[in-house]
Amino acid sequence: MSILAKMKMQPLLSVRDLSKFYGGRIGCADVGFDLYPGEVLGIVGESGSGKSTLLSCLAGHLAPDRGEVIFDTKEGPRDTVQMAEAARRRLARTDWAYVHQNPRDGLRMGVSAGGNVGERLMAVGARHYGDIRAAAVDWLGRVEIAADRVDDRPSAFSGGMQQRLQIARNLVTGPRLVFMDEPTGGLDVSVQARLLDLLRGLVREMGLSAIIVTHDLAVVRLLADRLMVMKGGYVVEQGLTDQVLDDPQHAYTQLLVSSVLQV
Amino acid sequence: MTDQTAYNFAYLDEQTKRMIRRAILKGVAIPGYQVPFASREMPMPYGWGTGGVQVTAACLVPEDRLKVIDQGADDTTNAVSIRRFFQRTAGVEVTEATADATVIQTRHRIPETPLTEGQILVYQVPIPEPLRFLEPRETETRKMHELEDYGLMHVKLYEDISRHGQIATAYDYPVKVEGRYVMDPSPIPKFDNPKLGGNAAIQLFGAGREQRIYALPPYTQAISLDFDDYPFAASKADHSCDLCAAPDSYLDEVITDDQGSRMFVCSDTDFCASRRAAGHIGPMGAPRAGADVE
């Protein structure tokens with residue numbers, strides 16, 4: 001994307017001065033960035049650096065203490081922090097998706113795979129069983145789950161399949177922005193590789209924007225266009241992924257990059 | 001219990017009735033909305049209709065005629081004991097005839113005889129929250145009602161169809177009231193669901209253990225949830241009553257011996273008895289003395 005085209009384009013998500021405090025402790029502070037349509041932003045940092053707090057604030061799960069999160073809704077840019085809860089939930093059902101680290105948090109374990117995928121469709125008003133089921137089967141296919149597993153419960157699925165099911169469940173309504181909290185955490189490396197491949201394909205194919213929180217630098221190297229490095233609640237460095245990873249400027253980023261084990 | 005003057009009219013003290021009436025009025029003002037109320041200990045165990053009894057007690061006046069049914073029957077333990085309770089504590093007249101009653105407390109049925117304006121139907125409700133088994137958190141279900149976030153309700157019906165090939169929920173079938181609140185109609189069979197909407201009587205729902213009251217004012221819209229390609233269907237046993245030959249009433253299946261013999265009888269005993277008195281006799285019904293046989 002050329003710089004000129006980008007300048008004219010409206011950012012999908014525009015974050016200004018976002019801060020969240022837990023009493024006297026800092027969750028995250030003074031975070032600001034723009035995310036453009038089709039762009040994937042990675043957020044890396046050590047445990048406790050405020051990555052997940054930031055993601056929860058962006059997705060409306062936590063109320064930030066300060067700052068604004070402006071999302072380019074269909075009615076124009078709106079501050080989701082000031083928005084009524086009903087409107088924010090509507091966004092969360094249609095334009096947003098949230099992929100949890102643990103698929104058990106994002107799936108209904110007592111409901112069949114088809115029901116899990118269909119829930120968002122029914123929440124936005126789909127009332128035709130045949131159509132809902134067809135969409136569910138279609139999406140299971142896209143995340144490489146066999147169609148004959150549509151009536152099985154997620155508890156009968158492997159960890160990797162559960163994570164793929166969670167992704168299908170989130171993408172079925174065609175969201176524009178996906179929040180992912182360590183989507184590959186807890187999976188073995190070969191399953192991780194397949195999942196990353198799948199995610200990369202879906203992101204490109206659907207033109208999704210995504211914000212991916214992870215501590216795995218390989219994940220952001222593969223998926224993210226831009227990278228933000230956090231430490232102690234503050235963003236210490238941000239830029240293009242390759243630039244940050246290949247030429248880290250901040251001492252902590254240098255430590256992070258050099259900590260990766262080479263096989 | 002010898003000194004009846006020791007009790008206030010209809011057992012509850014006036015302050016408690018006032019509190020319950022306020023909850024009922026609020027429920028009538030917002031059809032389908034579950035109003036919290038300070039449920040009292042009643043001299044019967046939870047699950048025996050403590051919520052319904054409190055609502056009935058708050059509605060009763062000395063001129064009322066009370067009917068109590070349990071699964072449609074006037075003569076089962078629950079119905080008999082609650083009827084006796086109000087006979088002793090309120091001294092009101094009681095009846096078994098639906099048309100004669102001004103207040104009807106019911107467990108799991110709506111009478112077959114159409115209700116009329118001025119009647120009050122009080123339901124005993126075990127679990128008032130239609131979303132309970134889908135979403136265990138009370139804070140979250142309240143939020144879902146507040147924001148009209150009812151996608152989950154259809155997930156339950158979707159699961160029914162994917163597992164059984166049809167909507168297998170046969171009782172406790174959720175309804176949407178006036179296009180707003182999704183309401184649990186208490187465990188009435190879905191055969192009774194069409195009678196919820198547009199009913200001339202006031203319908204009050206009391207859940208004692210869960211401390212909730214909700215209501216359907218007369219002529220309120222209540223639509224059973226369904227899918228476009230799997231529409232709601234009120235179902236009953238494909239049979240007619242063996243005692244009164246009624247083809248269109250809700251039936252109980254009664255096993256009569258250990259050889260597999262069974263009979264189907266109306267669950268509404270008053271409806272069945274009055275039909276037999278009018279001379280409708282089913283294949284297993286003995287004609288009543290003095291009645292003309294059809």
# chains A, B, ... in the order shown; residues from 1 in each chain; ligands from 1
>>> interface_residues(of="chain B", to="chain A", cutoff="10 Å", atoms="only C-alpha atoms", output="PDB file with N, CA, C and O atoms, in the first residue's frame")
ATOM      1  N   LEU B 134     -28.588 -22.145  29.419  1.00  0.00           N
ATOM      2  CA  LEU B 134     -27.673 -21.791  28.345  1.00  0.00           C
ATOM      3  C   LEU B 134     -26.566 -20.892  28.867  1.00  0.00           C
ATOM      4  O   LEU B 134     -25.443 -20.925  28.399  1.00  0.00           O
ATOM      5  N   GLU B 135     -26.908 -20.045  29.835  1.00  0.00           N
ATOM      6  CA  GLU B 135     -25.948 -19.096  30.380  1.00  0.00           C
ATOM      7  C   GLU B 135     -26.097 -19.114  31.905  1.00  0.00           C
ATOM      8  O   GLU B 135     -27.068 -18.595  32.439  1.00  0.00           O
ATOM      9  N   LYS B 143     -28.128  -8.914  31.739  1.00  0.00           N
ATOM     10  CA  LYS B 143     -27.569  -8.053  30.686  1.00  0.00           C
ATOM     11  C   LYS B 143     -28.179  -8.442  29.333  1.00  0.00           C
ATOM     12  O   LYS B 143     -28.488  -7.587  28.515  1.00  0.00           O
ATOM     13  N   MET B 144     -28.314  -9.750  29.108  1.00  0.00           N
ATOM     14  CA  MET B 144     -28.850 -10.198  27.824  1.00  0.00           C
ATOM     15  C   MET B 144     -30.296  -9.749  27.652  1.00  0.00           C
ATOM     16  O   MET B 144     -30.694  -9.344  26.560  1.00  0.00           O
ATOM     17  N   GLU B 146     -31.585  -7.109  29.110  1.00  0.00           N
ATOM     18  CA  GLU B 146     -31.511  -5.650  28.984  1.00  0.00           C
ATOM     19  C   GLU B 146     -31.209  -5.255  27.543  1.00  0.00           C
ATOM     20  O   GLU B 146     -31.804  -4.331  27.002  1.00  0.00           O
ATOM     21  N   LEU B 147     -30.265  -5.987  26.924  1.00  0.00           N
ATOM     22  CA  LEU B 147     -29.812  -5.600  25.587  1.00  0.00           C
ATOM     23  C   LEU B 147     -30.525  -6.380  24.488  1.00  0.00           C
ATOM     24  O   LEU B 147     -30.163  -6.292  23.332  1.00  0.00           O
ATOM     25  N   GLU B 148     -31.533  -7.154  24.858  1.00  0.00           N
ATOM     26  CA  GLU B 148     -32.283  -7.954  23.887  1.00  0.00           C
ATOM     27  C   GLU B 148     -31.352  -8.864  23.088  1.00  0.00           C
ATOM     28  O   GLU B 148     -31.494  -9.005  21.881  1.00  0.00           O
ATOM     29  N   ASP B 149     -30.400  -9.452  23.780  1.00  0.00           N
ATOM     30  CA  ASP B 149     -29.372 -10.271  23.132  1.00  0.00           C
ATOM     31  C   ASP B 149     -29.820 -11.737  23.218  1.00  0.00           C
ATOM     32  O   ASP B 149     -29.386 -12.489  24.081  1.00  0.00           O
ATOM     33  N   TYR B 150     -30.739 -12.132  22.317  1.00  0.00           N
ATOM     34  CA  TYR B 150     -31.414 -13.418  22.470  1.00  0.00           C
ATOM     35  C   TYR B 150     -30.969 -14.479  21.464  1.00  0.00           C
ATOM     36  O   TYR B 150     -31.673 -15.468  21.262  1.00  0.00           O
ATOM     37  N   GLY B 151     -29.798 -14.269  20.817  1.00  0.00           N
ATOM     38  CA  GLY B 151     -29.335 -15.255  19.848  1.00  0.00           C
ATOM     39  C   GLY B 151     -29.211 -16.641  20.448  1.00  0.00           C
ATOM     40  O   GLY B 151     -29.477 -17.652  19.802  1.00  0.00           O
ATOM     41  N   LEU B 152     -28.838 -16.680  21.710  1.00  0.00           N
ATOM     42  CA  LEU B 152     -28.588 -17.942  22.405  1.00  0.00           C
ATOM     43  C   LEU B 152     -29.842 -18.819  22.484  1.00  0.00           C
ATOM     44  O   LEU B 152     -29.762 -20.042  22.453  1.00  0.00           O
ATOM     45  N   MET B 153     -31.008 -18.166  22.594  1.00  0.00           N
ATOM     46  CA  MET B 153     -32.262 -18.910  22.701  1.00  0.00           C
ATOM     47  C   MET B 153     -32.465 -19.778  21.460  1.00  0.00           C
ATOM     48  O   MET B 153     -32.921 -20.917  21.539  1.00  0.00           O
ATOM     49  N   HIS B 154     -32.107 -19.243  20.302  1.00  0.00           N
ATOM     50  CA  HIS B 154     -32.264 -20.019  19.074  1.00  0.00           C
ATOM     51  C   HIS B 154     -31.206 -21.106  18.959  1.00  0.00           C
ATOM     52  O   HIS B 154     -31.423 -22.091  18.262  1.00  0.00           O
ATOM     53  N   VAL B 155     -30.052 -20.915  19.639  1.00  0.00           N
ATOM     54  CA  VAL B 155     -29.042 -21.970  19.626  1.00  0.00           C
ATOM     55  C   VAL B 155     -29.628 -23.243  20.241  1.00  0.00           C
ATOM     56  O   VAL B 155     -29.411 -24.348  19.750  1.00  0.00           O
ATOM     57  N   LYS B 156     -30.429 -23.079  21.293  1.00  0.00           N
ATOM     58  CA  LYS B 156     -31.063 -24.227  21.931  1.00  0.00           C
ATOM     59  C   LYS B 156     -31.987 -24.945  20.947  1.00  0.00           C
ATOM     60  O   LYS B 156     -31.981 -26.172  20.840  1.00  0.00           O
ATOM     61  N   LEU B 157     -32.779 -24.166  20.204  1.00  0.00           N
ATOM     62  CA  LEU B 157     -33.693 -24.780  19.241  1.00  0.00           C
ATOM     63  C   LEU B 157     -32.901 -25.420  18.092  1.00  0.00           C
ATOM     64  O   LEU B 157     -33.260 -26.487  17.595  1.00  0.00           O
ATOM     65  N   TYR B 158     -31.801 -24.752  17.686  1.00  0.00           N
ATOM     66  CA  TYR B 158     -30.943 -25.316  16.636  1.00  0.00           C
ATOM     67  C   TYR B 158     -30.418 -26.679  17.080  1.00  0.00           C
ATOM     68  O   TYR B 158     -30.441 -27.648  16.314  1.00  0.00           O
ATOM     69  N   GLU B 159     -29.968 -26.759  18.335  1.00  0.00           N
ATOM     70  CA  GLU B 159     -29.434 -28.014  18.848  1.00  0.00           C
ATOM     71  C   GLU B 159     -30.503 -29.107  18.839  1.00  0.00           C
ATOM     72  O   GLU B 159     -30.223 -30.254  18.516  1.00  0.00           O
ATOM     73  N   ILE B 161     -33.006 -29.407  16.749  1.00  0.00           N
ATOM     74  CA  ILE B 161     -33.238 -29.890  15.386  1.00  0.00           C
ATOM     75  C   ILE B 161     -32.057 -30.729  14.921  1.00  0.00           C
ATOM     76  O   ILE B 161     -32.231 -31.800  14.324  1.00  0.00           O
ATOM     77  N   SER B 162     -30.831 -30.287  15.228  1.00  0.00           N
ATOM     78  CA  SER B 162     -29.674 -31.033  14.717  1.00  0.00           C
ATOM     79  C   SER B 162     -29.576 -32.393  15.400  1.00  0.00           C
ATOM     80  O   SER B 162     -29.087 -33.341  14.822  1.00  0.00           O
ATOM     81  N   ARG B 163     -30.068 -32.500  16.627  1.00  0.00           N
ATOM     82  CA  ARG B 163     -29.964 -33.779  17.330  1.00  0.00           C
ATOM     83  C   ARG B 163     -31.184 -34.671  17.099  1.00  0.00           C
ATOM     84  O   ARG B 163     -31.064 -35.875  16.997  1.00  0.00           O
ATOM     85  N   LEU B 225     -40.996 -19.023  19.987  1.00  0.00           N
ATOM     86  CA  LEU B 225     -39.834 -18.891  19.105  1.00  0.00           C
ATOM     87  C   LEU B 225     -39.749 -20.099  18.175  1.00  0.00           C
ATOM     88  O   LEU B 225     -40.089 -21.211  18.551  1.00  0.00           O
ATOM     89  N   ASP B 226     -39.275 -19.880  16.957  1.00  0.00           N
ATOM     90  CA  ASP B 226     -39.112 -20.998  16.023  1.00  0.00           C
ATOM     91  C   ASP B 226     -38.197 -20.583  14.878  1.00  0.00           C
ATOM     92  O   ASP B 226     -37.660 -19.477  14.865  1.00  0.00           O
ATOM     93  N   PHE B 227     -38.027 -21.479  13.912  1.00  0.00           N
ATOM     94  CA  PHE B 227     -37.285 -21.177  12.690  1.00  0.00           C
ATOM     95  C   PHE B 227     -38.270 -21.092  11.526  1.00  0.00           C
ATOM     96  O   PHE B 227     -39.333 -21.719  11.563  1.00  0.00           O
ATOM     97  N   ASP B 228     -37.875 -20.342  10.483  1.00  0.00           N
ATOM     98  CA  ASP B 228     -38.760 -20.204   9.317  1.00  0.00           C
ATOM     99  C   ASP B 228     -39.082 -21.565   8.712  1.00  0.00           C
ATOM    100  O   ASP B 228     -40.205 -21.814   8.280  1.00  0.00           O
ATOM    101  N   ASP B 229     -38.061 -22.453   8.647  1.00  0.00           N
ATOM    102  CA  ASP B 229     -38.284 -23.747   8.007  1.00  0.00           C
ATOM    103  C   ASP B 229     -38.654 -24.837   9.015  1.00  0.00           C
ATOM    104  O   ASP B 229     -38.901 -25.979   8.624  1.00  0.00           O
ATOM    105  N   TYR B 230     -38.671 -24.518  10.306  1.00  0.00           N
ATOM    106  CA  TYR B 230     -39.177 -25.450  11.326  1.00  0.00           C
ATOM    107  C   TYR B 230     -40.136 -24.687  12.228  1.00  0.00           C
ATOM    108  O   TYR B 230     -39.788 -24.336  13.352  1.00  0.00           O
ATOM    109  N   PRO B 231     -41.346 -24.394  11.740  1.00  0.00           N
ATOM    110  CA  PRO B 231     -42.255 -23.537  12.518  1.00  0.00           C
ATOM    111  C   PRO B 231     -42.736 -24.222  13.796  1.00  0.00           C
ATOM    112  O   PRO B 231     -42.737 -25.451  13.886  1.00  0.00           O
TER     113      PRO B 231
END
>>> select_by_dssp(residues="segment 40-133 of chain B", states="strand (DSSP E)", output="MDAnalysis selection string")
chainID B and resid 65:70 93:94 103:107 120:124
>>> residues_around(residues="Arg221 of chain A", least_positions_apart="4", cutoff="12 Å", atoms="only C-alpha atoms", output="JSON, numbers by chain")
{"A": [40, 41, 42, 43, 44, 196, 200, 212, 214, 215, 216, 217, 225, 226, 227, 240, 241, 242, 243, 244, 245, 246, 257]}
>>> residues_around(residues="segment 204-210 of chain B", least_positions_apart="5", cutoff="6 Å", atoms="only C-alpha atoms", output="list of chain:residue names")
B:Ser39, B:Thr50, B:Gly51, B:Gly52, B:Val122, B:Tyr123, B:Gln124, B:Val125, B:Pro126, B:Ala215
>>> atom_distance(atom1="atom CA of Arg18 of chain B", atom2="atom CA of Cys59 of chain B")
10.1 Å
>>> closest_residue(among="A:Leu91, A:Ser47, A:Val172, A:Leu223", to="Arg204 of chain A", atoms="only C-alpha atoms")
A:Leu223
>>> residues_around(residues="Arg104 of chain A", least_positions_apart="4", cutoff="9 Å", atoms="only C-alpha atoms", output="number ranges by chain")
A: 100, 108-109, 154-155, 162-163, 166
>>> write_last_selection(atoms="all heavy atoms", output="mmCIF file, in the first residue's frame")
data_model
loop_
_atom_site.group_PDB
_atom_site.id
_atom_site.type_symbol
_atom_site.label_atom_id
_atom_site.label_comp_id
_atom_site.auth_asym_id
_atom_site.auth_seq_id
_atom_site.Cartn_x
_atom_site.Cartn_y
_atom_site.Cartn_z
ATOM 1 N N HIS A 100 -10.122 -16.126 21.655
ATOM 2 C CA HIS A 100 -9.465 -16.297 22.947
ATOM 3 C C HIS A 100 -8.284 -17.242 22.831
ATOM 4 O O HIS A 100 -8.244 -18.106 21.954
ATOM 5 C CB HIS A 100 -10.450 -16.888 23.968
ATOM 6 C CG HIS A 100 -11.556 -15.950 24.338
ATOM 7 N ND1 HIS A 100 -11.525 -15.185 25.460
ATOM 8 C CD2 HIS A 100 -12.717 -15.656 23.715
ATOM 9 C CE1 HIS A 100 -12.633 -14.456 25.526
ATOM 10 N NE2 HIS A 100 -13.367 -14.729 24.477
ATOM 11 N N ARG A 108 -18.887 -22.560 23.206
ATOM 12 C CA ARG A 108 -19.845 -23.154 24.138
ATOM 13 C C ARG A 108 -19.625 -24.654 24.077
ATOM 14 O O ARG A 108 -19.955 -25.297 23.089
ATOM 15 C CB ARG A 108 -21.276 -22.804 23.738
ATOM 16 C CG ARG A 108 -21.520 -21.340 23.876
ATOM 17 C CD ARG A 108 -22.973 -20.975 23.877
ATOM 18 N NE ARG A 108 -23.068 -19.527 23.920
ATOM 19 C CZ ARG A 108 -22.995 -18.799 25.021
ATOM 20 N NH1 ARG A 108 -22.863 -19.384 26.190
ATOM 21 N NH2 ARG A 108 -23.060 -17.488 24.970
ATOM 22 N N MET A 109 -19.052 -25.189 25.168
ATOM 23 C CA MET A 109 -18.607 -26.574 25.113
ATOM 24 C C MET A 109 -19.773 -27.556 25.084
ATOM 25 O O MET A 109 -19.627 -28.682 24.646
ATOM 26 C CB MET A 109 -17.682 -26.883 26.299
ATOM 27 C CG MET A 109 -16.415 -26.044 26.314
ATOM 28 S SD MET A 109 -15.499 -26.125 24.781
ATOM 29 C CE MET A 109 -14.677 -27.707 24.953
ATOM 30 N N PRO A 154 -17.658 -29.603 20.867
ATOM 31 C CA PRO A 154 -16.234 -29.236 20.856
ATOM 32 C C PRO A 154 -15.401 -30.078 21.818
ATOM 33 O O PRO A 154 -14.200 -30.245 21.608
ATOM 34 C CB PRO A 154 -16.239 -27.769 21.296
ATOM 35 C CG PRO A 154 -17.603 -27.288 21.050
ATOM 36 C CD PRO A 154 -18.521 -28.456 21.144
ATOM 37 N N SER A 155 -16.049 -30.629 22.857
ATOM 38 C CA SER A 155 -15.282 -31.427 23.806
ATOM 39 C C SER A 155 -14.745 -32.696 23.147
ATOM 40 O O SER A 155 -13.808 -33.319 23.651
ATOM 41 C CB SER A 155 -16.130 -31.769 25.024
ATOM 42 O OG SER A 155 -17.400 -32.212 24.630
ATOM 43 N N GLN A 162 -10.363 -27.345 18.115
ATOM 44 C CA GLN A 162 -11.172 -26.402 18.907
ATOM 45 C C GLN A 162 -10.808 -24.967 18.541
ATOM 46 O O GLN A 162 -11.669 -24.116 18.381
ATOM 47 C CB GLN A 162 -10.937 -26.628 20.396
ATOM 48 C CG GLN A 162 -11.574 -27.889 20.919
ATOM 49 C CD GLN A 162 -11.311 -28.093 22.406
ATOM 50 O OE1 GLN A 162 -10.647 -27.288 23.039
ATOM 51 N NE2 GLN A 162 -11.831 -29.176 22.951
ATOM 52 N N GLN A 163 -9.494 -24.731 18.402
ATOM 53 C CA GLN A 163 -9.071 -23.375 18.076
ATOM 54 C C GLN A 163 -9.569 -22.981 16.682
ATOM 55 O O GLN A 163 -10.026 -21.859 16.472
ATOM 56 C CB GLN A 163 -7.535 -23.279 18.162
ATOM 57 C CG GLN A 163 -6.982 -21.884 18.171
ATOM 58 C CD GLN A 163 -7.512 -21.043 19.320
ATOM 59 O OE1 GLN A 163 -8.659 -20.614 19.313
ATOM 60 N NE2 GLN A 163 -6.679 -20.786 20.311
ATOM 61 N N GLN A 166 -13.171 -22.202 16.897
ATOM 62 C CA GLN A 166 -13.388 -20.877 17.472
ATOM 63 C C GLN A 166 -13.205 -19.790 16.405
ATOM 64 O O GLN A 166 -13.943 -18.805 16.372
ATOM 65 C CB GLN A 166 -12.413 -20.647 18.640
ATOM 66 C CG GLN A 166 -12.810 -19.439 19.449
ATOM 67 C CD GLN A 166 -11.755 -18.943 20.415
ATOM 68 O OE1 GLN A 166 -11.974 -17.971 21.080
ATOM 69 N NE2 GLN A 166 -10.609 -19.589 20.492
#
>>> select_by_dssp(residues="segment 5-144 of chain B", states="alpha helix (DSSP H)", output="MDAnalysis selection string")
chainID B and resid 14:29 50:59 77:89 138:144
>>> write_last_selection(atoms="C-alpha atoms", output="tab-separated table (two decimals), in the first residue's frame")
chain	number	residue	atom	x	y	z
B	14	GLU	CA	-50.46	-6.68	54.83
B	15	GLN	CA	-46.97	-5.24	54.38
B	16	THR	CA	-45.85	-8.35	52.53
B	17	LYS	CA	-48.93	-8.30	50.31
B	18	ARG	CA	-48.26	-4.66	49.55
B	19	MET	CA	-44.70	-5.51	48.51
B	20	ILE	CA	-45.90	-8.39	46.31
B	21	ARG	CA	-48.66	-6.28	44.74
B	22	ARG	CA	-46.10	-3.64	43.84
B	23	ALA	CA	-44.02	-6.32	42.10
B	24	ILE	CA	-47.14	-7.62	40.31
B	25	LEU	CA	-48.06	-4.11	39.12
B	26	LYS	CA	-44.56	-3.58	37.83
B	27	GLY	CA	-44.69	-6.95	36.08
B	28	VAL	CA	-48.02	-6.08	34.44
B	29	ALA	CA	-46.60	-2.73	33.34
B	50	THR	CA	-44.40	-21.09	47.14
B	51	GLY	CA	-44.19	-18.37	44.47
B	52	GLY	CA	-47.67	-19.06	43.14
B	53	VAL	CA	-49.11	-19.18	46.67
B	54	GLN	CA	-47.64	-15.77	47.51
B	55	VAL	CA	-49.02	-14.23	44.31
B	56	THR	CA	-52.43	-15.81	44.95
B	57	ALA	CA	-52.41	-14.58	48.57
B	58	ALA	CA	-51.63	-11.05	47.41
B	59	CYS	CA	-54.46	-11.14	44.83
B	77	THR	CA	-51.86	-33.63	46.37
B	78	ASN	CA	-50.44	-30.26	45.42
B	79	ALA	CA	-53.79	-28.86	44.30
B	80	VAL	CA	-55.69	-30.24	47.29
B	81	SER	CA	-53.22	-28.96	49.87
B	82	ILE	CA	-52.97	-25.45	48.40
B	83	ARG	CA	-56.78	-25.24	48.06
B	84	ARG	CA	-57.17	-26.31	51.70
B	85	PHE	CA	-54.50	-23.83	52.76
B	86	PHE	CA	-56.51	-20.90	51.38
B	87	GLN	CA	-59.79	-22.31	52.66
B	88	ARG	CA	-58.32	-22.27	56.16
B	89	THR	CA	-56.33	-19.01	56.03
B	138	GLU	CA	-27.29	-14.30	36.51
B	139	THR	CA	-25.44	-11.02	35.86
B	140	GLU	CA	-24.99	-12.03	32.24
B	141	THR	CA	-28.59	-13.18	31.68
B	142	ARG	CA	-29.89	-9.88	33.08
B	143	LYS	CA	-27.57	-8.05	30.69
B	144	MET	CA	-28.85	-10.20	27.82
>>> atom_distance(atom1="atom CA of Asp181 of chain A", atom2="atom CA of Val229 of chain A")
15.0 Å
>>> atom_distance(atom1="atom CA of Ser14 of chain A", atom2="atom CA of Gly232 of chain A")
22.1 Å
>>> residues_around(residues="segment 168-178 of chain B", least_positions_apart="2", cutoff="6 Å", atoms="only C-alpha atoms", output="ChimeraX atom specification")
/B:32,160,166,180-190,221-225
>>> residues_around(residues="Asp270 of chain B", least_positions_apart="4", cutoff="10 Å", atoms="only C-alpha atoms", output="MDAnalysis selection string")
chainID B and resid 69 72:75 96:98 111:113 266 274:276
